[in-house]
Each structure stands twice: as structure tokens, then as C-alpha cells.
file coords17.pdb (PDB, C-alpha atoms)
ATOM      1  CA  GLN X1001      44.647  50.766 -32.120
ATOM      2  CA  TRP X1002      42.908  53.770 -33.557
ATOM      3  CA  PRO X1003      44.360  54.470 -37.023
ATOM      4  CA  CYS X1004      44.761  58.228 -37.339
ATOM      5  CA  SER X1005      46.421  58.332 -40.747
ATOM      6  CA  ASP X1006      46.107  56.623 -44.116
ATOM      7  CA  ASP X1007      49.385  54.761 -43.540
ATOM      8  CA  GLU X1008      48.133  53.373 -40.221
ATOM      9  CA  ARG X1009      44.826  52.338 -41.789
ATOM     10  CA  LYS X1010      46.677  50.589 -44.611
ATOM     11  CA  ALA X1011      48.921  48.798 -42.116
ATOM     12  CA  LEU X1012      45.931  47.547 -40.113
ATOM     13  CA  GLN X1013      44.139  46.461 -43.274
ATOM     14  CA  ALA X1014      47.231  44.585 -44.420
ATOM     15  CA  ARG X1015      47.384  42.788 -41.066
ATOM     16  CA  VAL X1016      43.697  41.842 -41.311
ATOM     17  CA  ASP X1017      44.205  40.518 -44.853
ATOM     18  CA  GLU X1018      47.229  38.535 -43.643
ATOM     19  CA  LEU X1019      45.229  36.918 -40.848
ATOM     20  CA  LEU X1020      42.339  36.059 -43.158
ATOM     21  CA  ALA X1021      44.618  34.612 -45.823
ATOM     22  CA  GLN X1022      45.020  31.469 -43.702
ATOM     23  CA  PRO X1023      42.640  29.285 -41.677
ATOM     24  CA  LEU X1024      41.387  31.368 -38.784
ATOM     25  CA  GLY X1025      42.175  30.314 -35.206
ATOM     26  CA  VAL X1026      40.330  31.755 -32.227
ATOM     27  CA  GLU X1027      43.072  34.239 -31.284
ATOM     28  CA  ASP X1028      43.394  35.261 -34.938
ATOM     29  CA  ALA X1029      39.659  35.946 -34.957
ATOM     30  CA  VAL X1030      40.028  38.111 -31.850
ATOM     31  CA  GLN X1031      42.808  40.099 -33.522
ATOM     32  CA  VAL X1032      40.724  40.652 -36.653
ATOM     33  CA  ALA X1033      37.821  41.855 -34.533
ATOM     34  CA  LEU X1034      40.024  44.245 -32.547
ATOM     35  CA  PHE X1035      41.572  45.612 -35.732
ATOM     36  CA  ASN X1036      38.486  45.691 -37.926
ATOM     37  CA  ASN X1037      35.318  46.016 -35.818
ATOM     38  CA  ARG X1038      33.549  49.311 -36.555
ATOM     39  CA  GLY X1039      32.024  49.566 -33.091
ATOM     40  CA  LEU X1040      35.445  49.385 -31.437
ATOM     41  CA  GLN X1041      36.906  51.827 -33.958
ATOM     42  CA  SER X1042      34.114  54.219 -32.999
ATOM     43  CA  ALA X1043      35.070  53.882 -29.332
ATOM     44  CA  PHE X1044      38.685  54.743 -30.159
ATOM     45  CA  PHE X1045      37.497  57.640 -32.294
ATOM     46  CA  ASP X1046      35.611  59.015 -29.267
ATOM     47  CA  LEU X1047      38.780  58.528 -27.231
ATOM     48  CA  GLY X1048      40.746  60.597 -29.737
ATOM     49  CA  ILE X1049      38.179  63.402 -29.591
ATOM     50  CA  SER X1050      38.216  63.368 -25.788
ATOM     51  CA  GLU X1051      42.011  63.569 -25.781
ATOM     52  CA  ALA X1052      41.898  66.523 -28.174
ATOM     53  CA  ASP X1053      39.369  68.262 -25.897
ATOM     54  CA  LEU X1054      41.694  67.697 -22.920
ATOM     55  CA  VAL X1055      44.651  69.201 -24.773
ATOM     56  CA  GLN X1056      42.574  72.173 -25.900
ATOM     57  CA  ALA X1057      41.266  72.791 -22.383
ATOM     58  CA  GLY X1058      44.842  73.112 -21.098
ATOM     59  CA  ARG X1059      45.807  75.829 -23.557
ATOM     60  CA  LEU X1060      45.808  79.481 -22.544
ATOM     61  CA  PRO X1061      43.237  81.603 -24.357
ATOM     62  CA  ASN X1062      44.670  83.714 -27.142
ATOM     63  CA  PRO X1063      44.932  87.460 -26.474
ATOM     64  CA  HIS X1064      42.940  89.800 -28.703
ATOM     65  CA  PHE X1065      44.567  92.795 -30.363
ATOM     66  CA  SER X1066      42.487  95.709 -31.662
ATOM     67  CA  MET X1067      43.158  99.149 -33.110
ATOM     68  CA  PHE X1068      40.854 102.177 -33.153
ATOM     69  CA  ARG X1069      41.222 105.293 -35.305
ATOM     70  CA  ALA X1070      39.234 108.448 -34.616
ATOM     71  CA  SER X1071      39.316 111.997 -35.989
ATOM     72  CA  ARG X1072      38.030 115.238 -34.496
ATOM     73  CA  GLY X1073      38.635 118.799 -35.719
ATOM     74  CA  GLY X1074      41.383 117.694 -38.017
ATOM     75  CA  GLU X1075      43.088 115.757 -35.281
ATOM     76  CA  TYR X1076      43.566 112.014 -35.558
ATOM     77  CA  LYS X1077      43.809 109.656 -32.688
ATOM     78  CA  ILE X1078      44.837 106.023 -32.863
ATOM     79  CA  GLU X1079      44.344 103.694 -29.945
ATOM     80  CA  GLN X1080      45.647 100.154 -29.657
ATOM     81  CA  ALA X1081      44.326  97.606 -27.187
ATOM     82  CA  LEU X1082      45.480  94.165 -26.117
ATOM     83  CA  THR X1083      42.790  92.256 -24.235
ATOM     84  CA  PHE X1084      42.921  88.953 -22.425
ATOM     85  CA  ASN X1085      40.068  86.714 -21.249
ATOM     86  CA  ILE X1086      40.650  86.783 -17.500
ATOM     87  CA  PHE X1087      37.577  84.630 -16.803
ATOM     88  CA  ALA X1088      38.873  81.873 -19.071
ATOM     89  CA  LEU X1089      42.245  82.057 -17.335
ATOM     90  CA  ILE X1090      40.630  81.767 -13.887
ATOM     91  CA  THR X1091      38.446  78.804 -14.883
ATOM     92  CA  LEU X1092      41.254  77.038 -16.783
ATOM     93  CA  PRO X1093      42.121  74.571 -13.945
ATOM     94  CA  MET X1094      38.465  73.608 -13.528
ATOM     95  CA  ALA X1095      38.014  73.134 -17.291
ATOM     96  CA  VAL X1096      41.124  70.939 -17.425
ATOM     97  CA  GLU X1097      39.858  68.840 -14.515
ATOM     98  CA  VAL X1098      36.474  68.337 -16.182
ATOM     99  CA  GLU X1099      38.046  67.291 -19.487
ATOM    100  CA  LYS X1100      40.498  65.030 -17.641
ATOM    101  CA  ARG X1101      37.619  63.199 -15.994
ATOM    102  CA  ASN X1102      35.815  62.917 -19.317
ATOM    103  CA  PHE X1103      38.970  61.511 -20.931
ATOM    104  CA  GLU X1104      39.461  58.953 -18.161
ATOM    105  CA  GLN X1105      35.838  57.860 -18.464
ATOM    106  CA  THR X1106      36.190  57.509 -22.241
ATOM    107  CA  GLN X1107      39.361  55.479 -21.669
ATOM    108  CA  ARG X1108      37.500  53.108 -19.360
ATOM    109  CA  LEU X1109      34.649  52.735 -21.850
ATOM    110  CA  ALA X1110      37.099  51.957 -24.656
ATOM    111  CA  ALA X1111      38.857  49.364 -22.469
ATOM    112  CA  ILE X1112      35.529  47.765 -21.516
ATOM    113  CA  GLU X1113      34.472  47.662 -25.169
ATOM    114  CA  THR X1114      37.785  46.021 -26.102
ATOM    115  CA  ILE X1115      37.400  43.311 -23.446
ATOM    116  CA  ARG X1116      33.743  42.768 -24.342
ATOM    117  CA  LEU X1117      34.518  42.436 -28.042
ATOM    118  CA  ALA X1118      37.345  39.965 -27.412
ATOM    119  CA  SER X1119      35.113  37.843 -25.162
ATOM    120  CA  GLU X1120      32.162  37.868 -27.555
ATOM    121  CA  THR X1121      34.428  37.051 -30.504
ATOM    122  CA  ARG X1122      35.836  33.988 -28.723
ATOM    123  CA  LYS X1123      32.326  32.776 -27.878
ATOM    124  CA  ALA X1124      31.081  33.450 -31.406
ATOM    125  CA  TYR X1125      34.084  31.669 -32.907
ATOM    126  CA  PHE X1126      33.608  28.473 -30.908
ATOM    127  CA  THR X1127      29.852  28.606 -31.536
ATOM    128  CA  ALA X1128      30.455  28.925 -35.280
ATOM    129  CA  VAL X1129      32.997  26.079 -35.269
ATOM    130  CA  ALA X1130      30.606  23.854 -33.308
ATOM    131  CA  ALA X1131      27.738  24.730 -35.651
ATOM    132  CA  GLU X1132      29.826  23.861 -38.691
ATOM    133  CA  GLU X1133      30.914  20.539 -37.190
ATOM    134  CA  THR X1134      27.286  19.770 -36.343
ATOM    135  CA  VAL X1135      26.303  20.346 -39.964
ATOM    136  CA  ARG X1136      29.003  17.952 -41.131
ATOM    137  CA  TYR X1137      27.877  15.268 -38.685
ATOM    138  CA  VAL X1138      24.160  15.671 -39.424
ATOM    139  CA  ARG X1139      24.904  15.628 -43.153
ATOM    140  CA  GLN X1140      26.625  12.262 -42.715
ATOM    141  CA  VAL X1141      23.608  11.020 -40.765
ATOM    142  CA  LYS X1142      21.314  12.154 -43.557
ATOM    143  CA  GLN X1143      23.456  10.388 -46.137
ATOM    144  CA  ALA X1144      23.132   7.184 -44.123
ATOM    145  CA  ALA X1145      19.385   7.803 -43.842
ATOM    146  CA  ASP X1146      19.180   8.324 -47.619
ATOM    147  CA  ALA X1147      20.889   5.010 -48.225
ATOM    148  CA  GLY X1148      18.716   3.239 -45.650
ATOM    149  CA  ALA X1149      15.486   4.646 -47.070
ATOM    150  CA  GLU X1150      16.470   3.699 -50.609
ATOM    151  CA  LEU X1151      17.457   0.199 -49.540
ATOM    152  CA  ALA X1152      14.186  -0.192 -47.633
ATOM    153  CA  ARG X1153      12.218   0.931 -50.681
ATOM    154  CA  ARG X1154      13.906  -1.642 -52.882
ATOM    155  CA  MET X1155      13.539  -4.438 -50.344
ATOM    156  CA  ALA X1156       9.877  -3.574 -49.848
ATOM    157  CA  GLY X1157       9.427  -3.781 -53.594
ATOM    158  CA  VAL X1158      10.486  -7.414 -53.587
ATOM    159  CA  GLY X1159       8.768  -8.206 -50.301
ATOM    160  CA  ASN X1160      11.866  -8.644 -48.130
ATOM    161  CA  ILE X1161      10.807  -6.186 -45.389
ATOM    162  CA  SER X1162       7.475  -5.235 -43.917
ATOM    163  CA  LYS X1163       5.654  -1.957 -44.468
ATOM    164  CA  LEU X1164       6.323  -1.115 -40.814
ATOM    165  CA  GLN X1165      10.075  -1.487 -41.261
ATOM    166  CA  GLN X1166       9.961   0.619 -44.405
ATOM    167  CA  ALA X1167       7.966   3.298 -42.583
ATOM    168  CA  ARG X1168      10.580   3.393 -39.827
ATOM    169  CA  GLU X1169      13.333   3.935 -42.382
ATOM    170  CA  GLN X1170      11.294   6.679 -44.044
ATOM    171  CA  GLY X1171      10.700   8.285 -40.650
ATOM    172  CA  PHE X1172      14.420   8.182 -39.890
ATOM    173  CA  TYR X1173      15.101   9.805 -43.270
ATOM    174  CA  ALA X1174      12.521  12.547 -42.621
ATOM    175  CA  ASP X1175      13.990  13.283 -39.176
ATOM    176  CA  ALA X1176      17.504  13.433 -40.615
ATOM    177  CA  THR X1177      16.369  15.844 -43.343
ATOM    178  CA  LEU X1178      14.689  18.113 -40.788
ATOM    179  CA  ASN X1179      17.680  18.015 -38.437
ATOM    180  CA  LEU X1180      20.019  18.940 -41.281
ATOM    181  CA  ALA X1181      17.858  21.930 -42.213
ATOM    182  CA  ARG X1182      17.881  23.087 -38.593
ATOM    183  CA  ALA X1183      21.630  22.599 -38.238
ATOM    184  CA  GLU X1184      22.279  24.544 -41.438
ATOM    185  CA  GLN X1185      20.108  27.416 -40.191
ATOM    186  CA  VAL X1186      21.975  27.503 -36.868
ATOM    187  CA  ASN X1187      25.248  27.454 -38.784
ATOM    188  CA  VAL X1188      24.181  30.426 -40.910
ATOM    189  CA  LEU X1189      23.177  32.437 -37.836
ATOM    190  CA  ALA X1190      26.404  31.579 -35.997
ATOM    191  CA  ARG X1191      28.505  32.565 -39.003
ATOM    192  CA  GLU X1192      26.612  35.846 -39.412
ATOM    193  CA  ARG X1193      27.159  36.635 -35.735
ATOM    194  CA  LEU X1194      30.906  36.077 -36.074
ATOM    195  CA  THR X1195      30.949  38.057 -39.322
ATOM    196  CA  ARG X1196      29.416  41.087 -37.617
ATOM    197  CA  LEU X1197      32.036  40.966 -34.869
ATOM    198  CA  LEU X1198      34.935  40.572 -37.299
ATOM    199  CA  GLY X1199      33.641  43.165 -39.727
ATOM    200  CA  ARG X1200      34.518  40.795 -42.565
ATOM    201  CA  ARG X1201      32.607  37.982 -44.269
ATOM    202  CA  LEU X1202      34.022  34.465 -43.939
ATOM    203  CA  ASP X1203      34.215  31.677 -46.503
ATOM    204  CA  GLU X1204      33.388  28.042 -45.891
ATOM    205  CA  ASP X1205      36.991  26.933 -45.198
ATOM    206  CA  ASP X1206      38.181  29.910 -43.160
ATOM    207  CA  PHE X1207      38.122  28.091 -39.828
ATOM    208  CA  GLN X1208      41.233  26.448 -38.451
ATOM    209  CA  GLU X1209      40.893  22.816 -37.460
ATOM    210  CA  GLU X1210      40.698  22.732 -33.657
TER     211      GLU X1210
END
call {"tool": "encode", "arguments": {"input": "coords17.pdb", "output": "C-alpha cells"}}
result
Amino acid sequence: QWPCSDDERKALQARVDELLAQPLGVEDAVQVALFNNRGLQSAFFDLGISEADLVQAGRLPNPHFSMFRASRGGEYKIEQALTFNIFALITLPMAVEVEKRNFEQTQRLAAIETIRLASETRKAYFTAVAAEETVRYVRQVKQAADAGAELARRMAGVGNISKLQQAREQGFYADATLNLARAEQVNVLARERLTRLLGRRLDEDDFQEE
């Protein structure tokens, strides 16, 4: 929808707020994007302009009325003229056809943009959900690595494990720390991508459990 009035804009905003007030499912995310994405709104704005141009092209040109007053030797003469743009009248069907084609092309572009946005939003949503789940899993792995490294340090202190075993635990901890940092970075990028498509920033618990 292209909101053309303040009431329509308020209604769309209320719908977006309603969708975001609860955990966001994939189809909810698509709706928010279709309602709230600035790029799509721009496409509908162009569609509205093209429609207005089509309507204007189909209107007859307004006639022009003029009045002349002249005096000569004490005599006054008043002439009135009503003129009409014959050229505009002749070219009216061609102008309408041109604007009709432009409107149809703008319609197709708006439809393509709508489909593209819906598809990209679905992909971005699932990517963001997967990235968030990866962070949770890798965080659990790191917690286990933390515990293992600490246990290895204590056991090495009393001579219960070898230096090699302790080094392996430390290596596992280092890998887990690095993997968590990478997963968190991917999660941030995925969330930012989805945010741009939705036109609204998301909080940590906005996703619906899939």
C-alpha cells in the first residue's frame, strides 16, 4: 500500500507497531517490510506520480479567454477571443498512450520490487535466526571450554595432568573464544541486514521461536 493521507500512514504505522509488539515470525517480518520499507514506499510513490500523469494526459486542454480594448478618434472597440489549443487536442490520444505505457511499466517495477523485497526479507529473516541460534550454541561451547580450561589449570597445578593435556584444553578454549567472536559478528551483520529491510531496529528477543 502507498499511504496517501495522514490517516493511512497512521493506520500502517499502527499495524507495524502491532506486529513488532510480539515475537516476529517470518511472514510477520515480510508484512513489516512491505508496510515500512522506504525503498518500496518510494516505488509506490513513483506509481502514484505516474498515475497522476496518466490522468492529466487524458484531460482536454483548457480554453483561453482574452479581451482587447482599443480606441481611435474617440471611438472604442472591444474584442473578445476564445482560443483553444488544437495541437494539444490532436496529440491527446498519443500523449495518453505514452503515459499509459509509462504507468504500466511503473506498475511492473513496483510489483517486481514488492516480490524482491518479500523474498529478500524471508532470506534475511532465516539467516538472522540461524545466526542467533549459532551464537547461542557457540556460547555454550565456550562455557564448556571455560570450565575445561579452568579444570585443566587446577589439575596441572597439583600434577594430575600433563602439560600437553593442559595445552590442548587451552587450545580448545582459544578456538571457542575465536568462534564465538566470529559468530557474534555474523549475527550483528545478519541483524543489520534484516533491520534495513524492515525499516525498524530489532531487539534481542524479537524473533519467534521456529
call {"tool": "closest_atom_pairs", "arguments": {"input": "coords17.pdb", "of": "region 1096-1123 of chain X", "to": "region 1015-1036 of chain X", "cutoff": "7 Å", "atoms": "all atoms listed in the file", "output": "tab-separated table"}}
result
residue	atom	partner	partner_atom	distance
X:Ala1118	CA	X:Val1030	CA	5.5
X:Thr1121	CA	X:Val1030	CA	5.9
X:Arg1122	CA	X:Val1026	CA	6.1
call {"tool": "closest_residue", "arguments": {"input": "coords17.pdb", "among": "X:Leu1198, X:Leu1180, X:Ala1057, X:Ala1095", "to": "Gln1143 (chain X)", "atoms": "all atoms listed in the file"}}
result
X:Leu1180
call {"tool": "resolve_selection", "arguments": {"input": "coords17.pdb", "expression": "the PyMOL selection byres ((chain X and resi 1126) around 12)", "output": "list in words"}}
result
Leu1024, Gly1025, Val1026, Glu1027, Ala1029, Val1030, Ser1119, Glu1120, Thr1121, Arg1122, Lys1123, Ala1124, Tyr1125, Thr1127, Ala1128, Val1129, Ala1130, Ala1131, Glu1132, Glu1133, Asn1187, Ala1190, Arg1191, Arg1193, Leu1194, Phe1207, Gln1208, Glu1209 and Glu1210 of chain X
call {"tool": "atom_distance", "arguments": {"input": "coords17.pdb", "atom1": "CA of Leu1197 (chain X)", "atom2": "CA of Leu1109 (chain X)"}}
result
17.7 Å
call {"tool": "atom_distance", "arguments": {"input": "coords17.pdb", "atom1": "CA of Gln1105 (chain X)", "atom2": "CA of Gln1056 (chain X)"}}
result
17.5 Å
call {"tool": "resolve_selection", "arguments": {"input": "coords17.pdb", "expression": "the PyMOL selection byres ((chain X and resi 1054) around 12)", "output": "number ranges by chain"}}
result
X: 1047-1053, 1055-1059, 1092-1104, 1106
call {"tool": "atom_distance", "arguments": {"input": "coords17.pdb", "atom1": "CA of Met1155 (chain X)", "atom2": "CA of Ala1181 (chain X)"}}
result
27.9 Å
call {"tool": "resolve_selection", "arguments": {"input": "coords17.pdb", "expression": "the PyMOL selection byres ((chain X and resi 1153) around 12)", "output": "list in words"}}
result
Asp1146, Ala1147, Gly1148, Ala1149, Glu1150, Leu1151, Ala1152, Arg1154, Met1155, Ala1156, Gly1157, Val1158, Gly1159, Asn1160, Ile1161, Ser1162, Lys1163, Leu1164, Gln1165, Gln1166, Ala1167, Arg1168, Glu1169, Gln1170 and Tyr1173 of chain X
